[in-house]
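Asks: Got a structure for you, written out below as structure tokens; questions coming shortly.
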Amino acid sequence: MAQDGTIYPLKAPAEPKAISLGTGGVKNQKAPETWFRQWGDPMARNISTATLTPFLPAPGKATGAAVIVAPGGGFRWLSMDNEGWEVAKALADKGIAAFVLKYRLNPTPESLEDFKASMNQPRPAPAASASTSASATPPSPPQMDLSNQLQDAETAYAMILKRSKEWGVDTSRIGMIGFSAGAMLTMHSTLHSKTMKLAFIGPIYGGMGPVEVPKNAPPMFNVIATDDFLFRGQFGVVDSWYKARIPVEFHLYQNGGHGFGLGNPDRTSNRWFDAFLHWLDVNKFLKPQAKK
């Protein structure tokens with residue numbers, strides 16, 4: 001039961017520090033929120049009440065920097081520990097206030113058996129570009145309606161602003177990182193939010209297609225592995241940031257697959273978190289900015 005891909009039922013864990021964002025429910029969602037375990041990790045699905053859970057550093061350790069952490073799961077479930085709580089704890093341990101965003105999801109079958117059956121359906125093969133050169137533009141993926149998720153992210157950001165003094169957050173140093181679908185939400189927030197002014201972003205094993213970069217886009221730290229099905233030899237989003245002359249750091253790892261969270265042993269992607277912390281430090285996101 002510990003480390004295999006079988007889906008097991010799981011009693012919902014206590015989330016005593018989770019704060020409801022009050023963003024409403026999910027249209028046509030009739031099933032209650034339920035949890036399951038896969039690969040040893042707790043996952044939540046049918047989330048219709050968005051929450052934000054703070055993980056604050058010890059007062060003497062706090063740098064003032066803050067990060068919204070968005071787990072992934074294809075907008076059908078959330079990998080709450082591997083891509084949420086574990087990451088937030090690691091950030092807090094380094095003096096960075098972390099906030100796990102449990103955003104609303106698309107409905108899935110209520111019964112676990114029906115959900116398993118839907119999970120076992122073959123994944124459609126991604127459309128391949130005729131060329132893998134840096135200048136090739138891959139086909140655009142179908143656009144998802146992320147209005148609920150964007151509202152959740154914007155409300156979380158607004159809450160951190162409002163409670164910044166209480167939480168010891170420097171409002172000029174709030175960033176966002178996300179994993180897989182959470183990386184997609186991080187990018188969507190960067191490209192489309194009119195209220196979030198993120199200081200930096202970290203899409204971790206997200207989509208690699210080109211985007212239209214806003215003039216005020218933040219610096220980006222981007223991570224993916226060559227054996228990730230989302231990579232496909234494409235560098236579009238990195239190229240878009242580079243051409244927009246906005247700071248970008250890109251780590252393409254030899255292996256790691258998809259969904260590695262903080263990292264798996266014996267994979268080259270295992271050290272990405274150390275590189276991320278170094279990037280934050282070099283770019284002075286871990287130090288208060290001098291007032292002009």
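How things are named: the first chain in the structure tokens is A, the next is B, and so on; residues count from 1 in each chain; ligands count from 1 in the order shown.
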Among segment 33-134 of chain A, which ones does DSSP place in strand (DSSP E or B), written as a ChimeraX atom specification?
Replies: /A:34-38,41-45,51-55,66-70,77-79,97-102
Asks: Please provide as an MDAnalysis selection string all residues within 10 Å of Ser164 of chain A, with the sequence filter that same-chain residues fewer than 6 positions apart are discarded (counting only C-alpha atoms).
Replies: chainID A and resid 64 66 158 170:171
Asks: How close does each residue of segment 159-179 of chain A get to segment 200-220 of chain A, giving the shortest atom pair and distance in Å to one decimal for every residue with an atom at most 6 Å away, counting only C-alpha atoms, sorted by chain and residue number, as a tab-separated table?
Replies:
```
residue	atom	partner	partner_atom	distance
A:Gly175	CA	A:Phe200	CA	4.7
A:Met176	CA	A:Ile201	CA	4.9
A:Ile177	CA	A:Gly202	CA	4.3
A:Gly178	CA	A:Pro203	CA	5.3
A:Phe179	CA	A:Ile204	CA	4.8
```
Asks: Counting only C-alpha atoms, what is within 8 Å of Ser269 of chain A, bar same-chain residues fewer than 5 positions away, as an NGL selection string?
Replies: :A and (225 or 253-256 or 263-264)
Asks: Quick one: distance from atom CA of Leu185 of chain A to atom CA of Trp279 of chain A in Å, one decimal?
Replies: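 A separation of 21.5 Å between them.
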Asks: Pick from A:Thr155, A:Thr226, A:Tyr8, A:Val169: nearest to Arg267 of chain A, with only C-alpha atoms counted?
Replies: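 Checking each candidate against Arg267 of chain A, we get A:Thr226 as the closest.
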Asks: So the first atom is atom CA of Asp93 of chain A and the second is atom CA of Gln149 of chain A; what is the distance between them in Å, to one decimal place?
Replies: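 Here the two named atoms are 27.5 Å from each other.
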